[in-house]
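Novice: Structure incoming, see below.
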Amino acid sequence: MSPVKISVLMAVYNTSFKLVKRAINSVLNQNYKNFELLIIDDGSDIFLSKKLLTYTEIHQQKITYLRHKNCGQSASINKGIKISKGNYITIIDADDEYKVNHLQTCVTRIKGVDLISSKAEIIVNKKSDYFVPDKSDNSKNIHVDDCILFATLFGKREVFETIPFKSMYAADSDFYEQASKKYRVKKINTRTYIYYRNSKNSVTARLKKKLM
């Protein structure tokens with residue numbers, strides 16, 4: 001078998017199984033097939049964990065499932081990076097999904113650079129969902145298009161091995177900024193990642209509510 005080209009990492013913590021299954025299936029249905037999917041269960045409820053294990057066993061040729069005590073998304077992704085095998089690494093949030101050509105688009109667009117980020121197709125209930133707290137001033141909001149989105153990051157393995165994600169708000173933006181000091185980075189104008197901002201339980205939604 002050929003070496004794995006892309007490692008897709010998904011951290012899961014008590015997200016509805018229906019949504020996690022949707023995210024998993026969107027990866028499995030990619031038209032680019034040389035990938036592995038690592039699901040890092042960040043100490044979810046045992047009933048969800050059992051469902052995840054059962055479902056991932058069906059697709060064990062493509063999926064690796066591991067579970068650990070809750071430590072947060074950034075730490076979970078960092079652990080996933082250590083056991084991943086791909087030449088390239090990327091992420092998917094457990095309540096989002098890929099369009100069928102997402103990985104192929106990333107492989108094509110990363111040529112000439114070390115790390116890319118992209119925009120996303122944003123699903124909202126109301127216009128305010130297009131905005132998130134500014135990392136520099138949480139009292140202000142900025143449009144999602146002006147952010148670095150955690151799960152649209154796609155890059156060479158060396159970048160992710162060199163720069164760990166920090167446990168902080170806007171860890172994605174911090175990672176991108178740190179990477180830009182050592183590597184060639186680029187934000188591309190594609191929307192092959194589907195970002196569901198209509199969830200009241202998302203990290204940014206909870207922070208917005210706290211600050212209101």
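Residue numbers start at 1 in each chain; chains themselves are named A, B, ... in the order of the structure tokens; ligands are numbered from 1 in the order shown.
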Give me the residues within 12 Å of A:Val12 as a PDB file with C-alpha atoms, in the first residue's frame, counting only C-alpha atoms and dropping any in the same chain fewer than 3 places off.
Specialist:
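Contents of the output file result34.pdb:
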```
ATOM      1  CA  LEU A   9      -7.913  14.850  12.586  1.00  0.00           C
ATOM      2  CA  THR A  15     -21.189  16.373  20.053  1.00  0.00           C
ATOM      3  CA  SER A  16     -24.431  14.777  18.871  1.00  0.00           C
ATOM      4  CA  PHE A  17     -23.683  11.414  17.248  1.00  0.00           C
ATOM      5  CA  LEU A  19     -23.567  15.403  13.625  1.00  0.00           C
ATOM      6  CA  VAL A  20     -20.358  13.441  14.182  1.00  0.00           C
ATOM      7  CA  LYS A  21     -21.598  10.749  11.785  1.00  0.00           C
ATOM      8  CA  ALA A  23     -18.743  14.767   9.587  1.00  0.00           C
ATOM      9  CA  ILE A  24     -17.217  11.284   9.363  1.00  0.00           C
ATOM     10  CA  LEU A  38      -8.120   9.950  13.243  1.00  0.00           C
ATOM     11  CA  ILE A  39     -10.976  10.475  15.681  1.00  0.00           C
ATOM     12  CA  ILE A  40      -9.779  11.676  19.061  1.00  0.00           C
ATOM     13  CA  ASP A  41     -12.556  11.234  21.614  1.00  0.00           C
ATOM     14  CA  ASP A  42     -11.825  13.881  24.229  1.00  0.00           C
ATOM     15  CA  GLY A  43     -13.513  12.084  27.131  1.00  0.00           C
ATOM     16  CA  SER A  44     -17.071  12.142  25.789  1.00  0.00           C
ATOM     17  CA  ASP A  45     -20.045  10.595  27.555  1.00  0.00           C
ATOM     18  CA  LEU A  48     -21.467   8.526  22.694  1.00  0.00           C
ATOM     19  CA  SER A  49     -18.060   6.859  22.894  1.00  0.00           C
ATOM     20  CA  LEU A  52     -18.383   6.150  17.897  1.00  0.00           C
ATOM     21  CA  TYR A  65     -10.326   5.841  17.030  1.00  0.00           C
ATOM     22  CA  LEU A  66      -8.744   6.759  20.330  1.00  0.00           C
ATOM     23  CA  ARG A  67     -10.184   8.017  23.590  1.00  0.00           C
ATOM     24  CA  HIS A  68      -8.595   9.885  26.465  1.00  0.00           C
ATOM     25  CA  LYS A  69      -9.513  11.963  29.481  1.00  0.00           C
ATOM     26  CA  ASN A  70     -10.931  15.377  28.608  1.00  0.00           C
ATOM     27  CA  CYS A  71      -8.142  17.862  27.893  1.00  0.00           C
ATOM     28  CA  GLY A  72      -9.621  20.199  25.266  1.00  0.00           C
ATOM     29  CA  GLN A  73      -9.593  20.455  21.482  1.00  0.00           C
ATOM     30  CA  SER A  74      -6.093  21.847  21.062  1.00  0.00           C
ATOM     31  CA  ALA A  75      -4.455  19.206  23.260  1.00  0.00           C
ATOM     32  CA  SER A  76      -6.477  16.472  21.548  1.00  0.00           C
ATOM     33  CA  ILE A  77      -5.388  17.594  18.098  1.00  0.00           C
ATOM     34  CA  GLY A  80      -3.536  13.179  17.116  1.00  0.00           C
ATOM     35  CA  ILE A  91      -8.668  19.027  10.659  1.00  0.00           C
ATOM     36  CA  ILE A  92     -12.444  18.728  10.657  1.00  0.00           C
ATOM     37  CA  ASP A  93     -14.691  19.858  13.490  1.00  0.00           C
ATOM     38  CA  ALA A  94     -17.099  17.188  14.694  1.00  0.00           C
ATOM     39  CA  ASP A  95     -20.179  19.275  13.865  1.00  0.00           C
ATOM     40  CA  ASP A  96     -19.074  20.431  10.393  1.00  0.00           C
TER      41      ASP A  96
END
```
Novice: From the DSSP assignment of the backbone, select every residue of chain A that is strand (DSSP E or B), and format the answer as a VMD selection string.
Specialist: chain A and resid 6 to 12 35 to 41 63 to 67 88 to 91 97 to 98 115 to 118 121 to 123 131 to 133 141 to 143 154 to 156 185 to 188 193 to 196
Novice: Using only C-alpha atoms for the distances, tell me which of A:Tyr193, A:Phe131, A:Tyr183, A:Phe47 is nearest to A:Glu158.
Specialist: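 Result for the nearest residue to A:Glu158: A:Tyr183.
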Novice: Mind the document's chain letters and residue numbers, and return as a PyMOL selection string the residues of chain A that DSSP labels alpha helix (DSSP H).
Specialist: chain A and resi 17-28+46-58+73-83+102-109+157-162+171-180+203-211
Novice: Go ahead and write the residues just picked, C-alpha atoms, as a short mmCIF file (atom, residue, chain, number, x, y, z; two decimals), in the first residue's frame.
Specialist:
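Saved to selection-v3.cif:
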```cif
data_model
loop_
_atom_site.label_atom_id
_atom_site.label_comp_id
_atom_site.auth_asym_id
_atom_site.auth_seq_id
_atom_site.Cartn_x
_atom_site.Cartn_y
_atom_site.Cartn_z
CA PHE A 17 -23.68 11.41 17.25
CA LYS A 18 -25.86 12.44 14.31
CA LEU A 19 -23.57 15.40 13.62
CA VAL A 20 -20.36 13.44 14.18
CA LYS A 21 -21.60 10.75 11.79
CA ARG A 22 -22.29 13.45 9.19
CA ALA A 23 -18.74 14.77 9.59
CA ILE A 24 -17.22 11.28 9.36
CA ASN A 25 -19.20 10.42 6.25
CA SER A 26 -18.17 13.66 4.55
CA VAL A 27 -14.54 12.58 4.94
CA LEU A 28 -15.16 9.01 3.80
CA ILE A 46 -19.58 6.82 27.51
CA PHE A 47 -22.76 6.28 25.48
CA LEU A 48 -21.47 8.53 22.69
CA SER A 49 -18.06 6.86 22.89
CA LYS A 50 -19.64 3.42 22.40
CA LYS A 51 -21.55 4.65 19.35
CA LEU A 52 -18.38 6.15 17.90
CA LEU A 53 -16.39 2.99 18.46
CA THR A 54 -19.06 0.82 16.88
CA TYR A 55 -19.36 3.08 13.85
CA THR A 56 -15.63 3.51 13.33
CA GLU A 57 -15.05 -0.24 13.52
CA ILE A 58 -17.09 -0.58 10.34
CA GLN A 73 -9.59 20.46 21.48
CA SER A 74 -6.09 21.85 21.06
CA ALA A 75 -4.45 19.21 23.26
CA SER A 76 -6.48 16.47 21.55
CA ILE A 77 -5.39 17.59 18.10
CA ASN A 78 -1.77 17.79 19.28
CA LYS A 79 -2.01 14.18 20.43
CA GLY A 80 -3.54 13.18 17.12
CA ILE A 81 -0.67 14.79 15.23
CA LYS A 82 1.83 12.62 17.10
CA ILE A 83 0.25 9.35 15.95
CA HIS A 102 -12.37 19.45 -0.20
CA LEU A 103 -9.22 17.34 0.14
CA GLN A 104 -8.53 17.38 -3.59
CA THR A 105 -8.81 21.16 -3.59
CA CYS A 106 -6.40 21.45 -0.66
CA VAL A 107 -3.82 19.16 -2.29
CA THR A 108 -4.01 21.22 -5.48
CA ARG A 109 -3.88 24.65 -3.84
CA ARG A 157 3.40 17.59 8.53
CA GLU A 158 6.52 19.52 9.62
CA VAL A 159 4.48 22.66 10.29
CA PHE A 160 2.11 20.86 12.67
CA GLU A 161 4.93 18.97 14.38
CA THR A 162 6.90 22.16 14.96
CA ALA A 171 -5.76 28.98 18.79
CA ASP A 172 -6.16 28.67 15.02
CA SER A 173 -5.18 32.28 14.40
CA ASP A 174 -2.24 32.02 16.79
CA PHE A 175 -1.05 28.84 15.03
CA TYR A 176 -1.25 30.54 11.63
CA GLU A 177 0.62 33.61 12.86
CA GLN A 178 3.38 31.49 14.39
CA ALA A 179 3.64 29.42 11.21
CA SER A 180 3.94 32.54 9.06
CA VAL A 203 -17.17 27.41 21.33
CA THR A 204 -17.55 30.82 19.70
CA ALA A 205 -21.31 30.88 20.30
CA ARG A 206 -20.79 30.24 24.03
CA LEU A 207 -18.15 32.96 24.25
CA LYS A 208 -20.38 35.48 22.44
CA LYS A 209 -23.20 34.73 24.90
CA LYS A 210 -20.86 35.12 27.88
CA LEU A 211 -19.66 38.51 26.67
#
```
Novice: I'd like the contact shell of stretch 59-62 of chain A - 8 Å cut-off, only C-alpha atoms, skipping same-chain residues fewer than 5 positions apart - returned as a PDB file with N, CA and C atoms, in the first residue's frame.
Specialist:
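This is the output file selection38.pdb:
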```pdb
ATOM      1  N   LEU A  28     -15.193  10.298   4.518  1.00  0.00           N
ATOM      2  CA  LEU A  28     -15.159   9.012   3.802  1.00  0.00           C
ATOM      3  C   LEU A  28     -15.616   9.150   2.350  1.00  0.00           C
ATOM      4  N   PHE A  35      -6.123   9.039   2.244  1.00  0.00           N
ATOM      5  CA  PHE A  35      -6.160   9.716   3.538  1.00  0.00           C
ATOM      6  C   PHE A  35      -6.431   8.712   4.653  1.00  0.00           C
ATOM      7  N   GLU A  36      -6.158   9.142   5.868  1.00  0.00           N
ATOM      8  CA  GLU A  36      -6.595   8.438   7.074  1.00  0.00           C
ATOM      9  C   GLU A  36      -7.379   9.431   7.909  1.00  0.00           C
ATOM     10  N   LEU A  37      -8.340   8.936   8.668  1.00  0.00           N
ATOM     11  CA  LEU A  37      -9.121   9.774   9.570  1.00  0.00           C
ATOM     12  C   LEU A  37      -8.858   9.324  11.001  1.00  0.00           C
TER      13      LEU A  37
END
```
Novice: Of the candidates A:Ile63, A:Ala151, A:Val113, A:Val4, which one gets nearest to A:Asn34 if we count only C-alpha atoms?
Specialist: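 Among A:Ile63, A:Ala151, A:Val113, A:Val4, it is A:Val4 that comes nearest to A:Asn34.
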Novice: Using only C-alpha atoms, determine which residues lie at most 7 Å from A:Ile188, disregarding the query and same-chain residues fewer than 4 positions distant; provide the list as a VMD selection string.
Specialist: chain A and resid 116 to 118
Novice: Would you mind exporting the chosen residues as an mmCIF file, in the first residue's frame, restricted to N, CA and C atoms?
Specialist:
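Written out: selection-v3.cif:
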```cif
data_model
loop_
_atom_site.group_PDB
_atom_site.id
_atom_site.type_symbol
_atom_site.label_atom_id
_atom_site.label_comp_id
_atom_site.auth_asym_id
_atom_site.auth_seq_id
_atom_site.Cartn_x
_atom_site.Cartn_y
_atom_site.Cartn_z
ATOM 1 N N ILE A 116 -1.893 26.247 4.225
ATOM 2 C CA ILE A 116 -2.977 27.090 3.719
ATOM 3 C C ILE A 116 -4.130 27.100 4.712
ATOM 4 N N SER A 117 -4.920 28.149 4.618
ATOM 5 C CA SER A 117 -6.205 28.233 5.292
ATOM 6 C C SER A 117 -7.186 28.727 4.238
ATOM 7 N N SER A 118 -8.454 28.505 4.453
ATOM 8 C CA SER A 118 -9.421 28.941 3.438
ATOM 9 C C SER A 118 -10.645 29.561 4.101
#
```
